[in-house]
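I have placed the structure first, in the form of structure tokens, so that the comments after it can refer back to it.
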Amino acid sequence: MARSSCDEDILKLKKLPSDKEDLDDDKAAEKIVKLTAGLGEEDDQDQEKPFDPVVERIKNGKHPDCYQQLAKEQHPKFLVFACSDSRVSPSFILNFKPGEAFMARNIANMVPAFNQLRYSGVGAVIEYAVDHLEVENILVIGHSRCGGIKALMSLDETSGTTSNDFIDDWVKIGLPARAKVEAQWPDATFEEKCILCETESVNSSLVNLLTYPYVRAAVADGALKLMGGYYDFVNGNFKLWKADFEVKPAIII
């Protein structure tokens, strides 16, 4: 359609010298300008890049005012462990704004026990958040329909084989939670056990957090609180509970 429009304009230009009107040079030039003003516009539009909603969201989702202050430093009050699941963004669930929460997301929102030889990525997050940022709360959020928990409950420990390169080994962090569910609710269906384990895995992670010396020290001093959460996005509700551990400050002898 753009090419047809251009052809029509060109034909009009060719007719200018024989136009019935007695045009002087100035009038002819003016008419040419008017006729050529629209040439190429449609072609340019055809060459424009298609609308990209992702790019537009990034362009329109900035917070220039708050980032002026955050560019200098950050003082988040929370360290949040959440699942990588695309349906359960902590910022969306709890309305965190930039600078309010230091976050770590992984499969099934698990926190492994302190181990400098494995899971150093998780350890680095905890150490930085507690020792350097001095967060006041650590929140571990589980959620409904968690694929990681389903993988945990589906593990076949008798075969000695795995079907994934990384997932099976990672979700084994939650084996204590699975064992508790199997022991206390042996007659529950598989689906029911998955739901129960989604919460018990959070509690297991809260216990594991205390194996980190900086976490234990901060909790003992009253400078840090540990909390568990569960987001049921199917029914639209969120549960929050405090982990009450009697942790006393170390006694120097």
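Starting from 1 in every chain, residues are counted up; chains themselves are A, B, ... following the order of the structure tokens, and ligands are numbered from 1 as listed.
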What residues in region 104-149 of chain A get the DSSP label helix (DSSP H, G or I)? Please answer as an NGL selection string. :A and (107-109 or 120-132 or 147-149)
For the selection you just gave me, I'd like the residues written to a file as a PDB file, in the first residue's frame, keeping C-alpha atoms.
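Dumped to part.pdb:
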```pdb
ATOM      1  CA  ILE A 107      13.722 -24.053  43.317  1.00  0.00           C
ATOM      2  CA  ALA A 108      11.201 -24.634  46.153  1.00  0.00           C
ATOM      3  CA  ASN A 109      12.509 -21.679  48.226  1.00  0.00           C
ATOM      4  CA  SER A 120      28.118 -21.291  48.694  1.00  0.00           C
ATOM      5  CA  GLY A 121      25.792 -19.061  46.683  1.00  0.00           C
ATOM      6  CA  VAL A 122      23.088 -19.303  49.343  1.00  0.00           C
ATOM      7  CA  GLY A 123      25.663 -18.875  52.099  1.00  0.00           C
ATOM      8  CA  ALA A 124      27.008 -15.715  50.482  1.00  0.00           C
ATOM      9  CA  VAL A 125      23.510 -14.227  50.308  1.00  0.00           C
ATOM     10  CA  ILE A 126      22.855 -14.927  53.983  1.00  0.00           C
ATOM     11  CA  GLU A 127      26.249 -13.680  55.125  1.00  0.00           C
ATOM     12  CA  TYR A 128      25.997 -10.452  53.152  1.00  0.00           C
ATOM     13  CA  ALA A 129      22.415  -9.757  54.218  1.00  0.00           C
ATOM     14  CA  VAL A 130      23.011 -10.404  57.925  1.00  0.00           C
ATOM     15  CA  ASP A 131      26.609  -9.293  58.435  1.00  0.00           C
ATOM     16  CA  HIS A 132      26.815  -6.367  56.014  1.00  0.00           C
ATOM     17  CA  GLY A 147       6.888 -28.072  41.314  1.00  0.00           C
ATOM     18  CA  GLY A 148      10.038 -28.358  43.421  1.00  0.00           C
ATOM     19  CA  ILE A 149       8.122 -29.867  46.336  1.00  0.00           C
TER      20      ILE A 149
END
```
Ser144 (chain A): which residues within 12 Å, counting only C-alpha atoms, same-chain residues fewer than 4 positions away excluded, as a short mmCIF file (atom, residue, chain, number, x, y, z; two decimals) with C-alpha atoms, in the first residue's frame?
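Wrote it out as around_10.cif, contents follow:
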```
data_model
loop_
_atom_site.label_atom_id
_atom_site.label_comp_id
_atom_site.auth_asym_id
_atom_site.auth_seq_id
_atom_site.Cartn_x
_atom_site.Cartn_y
_atom_site.Cartn_z
CA CYS A 83 10.68 -19.87 44.92
CA ASP A 85 8.26 -19.99 40.24
CA ARG A 87 3.65 -17.13 39.68
CA VAL A 88 4.95 -16.11 43.09
CA ALA A 108 11.20 -24.63 46.15
CA ASN A 109 12.51 -21.68 48.23
CA GLY A 148 10.04 -28.36 43.42
CA ILE A 149 8.12 -29.87 46.34
CA LYS A 150 6.38 -32.25 43.95
CA GLU A 191 -1.48 -34.32 46.52
CA GLU A 192 -2.23 -33.79 50.22
CA LYS A 193 1.33 -34.71 51.15
CA CYS A 194 2.67 -32.19 48.65
CA ILE A 195 0.55 -29.43 50.21
CA LEU A 196 1.71 -30.40 53.72
CA CYS A 197 5.32 -30.52 52.60
CA GLU A 198 5.09 -27.06 51.05
CA THR A 199 4.71 -25.71 54.58
CA GLY A 229 5.18 -17.59 55.02
CA TYR A 230 2.90 -19.52 52.68
CA TYR A 231 1.20 -18.06 49.62
CA ASP A 232 -1.79 -19.99 48.32
CA PHE A 233 -2.28 -18.32 44.97
CA VAL A 234 -5.05 -20.77 44.08
CA ASN A 235 -7.31 -19.49 46.86
CA GLY A 236 -5.71 -16.06 47.21
CA ASN A 237 -4.47 -16.08 50.80
CA PHE A 238 -1.17 -15.60 52.59
CA LYS A 239 -0.14 -17.07 55.93
#
```
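Across the model, the gap from CA of Val140 (chain A) to CA of Leu209 (chain A) is 10.0 Å.
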Residues within 10 Å of Ala179 (chain A), only C-alpha atoms, excluding chain neighbours under 6 positions, as a list in words: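 That gives Met153, Trp185, Cys197 and Glu200 of chain A.
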Can you list, as a ChimeraX atom specification, every protein, DNA or RNA residue that comes within 6 Å of region 76-78 of chain A when you count only C-alpha atoms, leaving out same-chain residues fewer than 6 positions away? /A:99-101,135-138
Save the residues we just selected, N, CA, C and O atoms, as a short mmCIF file (atom, residue, chain, number, x, y, z; two decimals), in the first residue's frame?
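This went into selection19.cif:
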```cif
data_model
loop_
_atom_site.label_atom_id
_atom_site.label_comp_id
_atom_site.auth_asym_id
_atom_site.auth_seq_id
_atom_site.Cartn_x
_atom_site.Cartn_y
_atom_site.Cartn_z
N GLY A 99 14.60 -1.53 47.22
CA GLY A 99 15.37 -1.19 48.40
C GLY A 99 14.83 -1.74 49.70
O GLY A 99 15.49 -1.64 50.73
N GLU A 100 13.65 -2.35 49.68
CA GLU A 100 13.04 -2.82 50.92
C GLU A 100 13.40 -4.27 51.27
O GLU A 100 13.34 -4.65 52.44
N ALA A 101 13.73 -5.07 50.25
CA ALA A 101 13.98 -6.49 50.52
C ALA A 101 15.15 -7.01 49.68
O ALA A 101 15.20 -6.79 48.47
N VAL A 135 20.08 -6.87 57.94
CA VAL A 135 18.63 -6.99 57.83
C VAL A 135 18.05 -7.37 59.19
O VAL A 135 18.72 -7.99 60.01
N GLU A 136 16.81 -7.01 59.41
CA GLU A 136 16.16 -7.26 60.70
C GLU A 136 15.24 -8.48 60.66
O GLU A 136 14.82 -8.97 61.71
N ASN A 137 14.94 -8.95 59.45
CA ASN A 137 14.03 -10.09 59.31
C ASN A 137 14.49 -10.99 58.17
O ASN A 137 14.94 -10.50 57.12
N ILE A 138 14.35 -12.29 58.37
CA ILE A 138 14.52 -13.24 57.27
C ILE A 138 13.19 -13.96 57.11
O ILE A 138 12.66 -14.55 58.06
#
```
Write out as number ranges by chain all residues of region 83-251 of chain A that DSSP puts in strand (DSSP E or B) for this structure's backbone. A: 83, 101-106, 137-143, 225-232, 237-242
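With only C-alpha atoms as the basis for measurement, A:Ile141 is the residue among A:Ile141, A:Ile173, A:Cys66, A:Val215 that approaches Ser91 (chain A) most closely.
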Closest of A:Lys172, A:Pro98, A:Cys146, A:Leu79 to Asp65 (chain A) - atom-to-atom distances counting only C-alpha atoms: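 Of A:Lys172, A:Pro98, A:Cys146, A:Leu79, the one nearest Asp65 (chain A), counting only C-alpha atoms, is A:Pro98.
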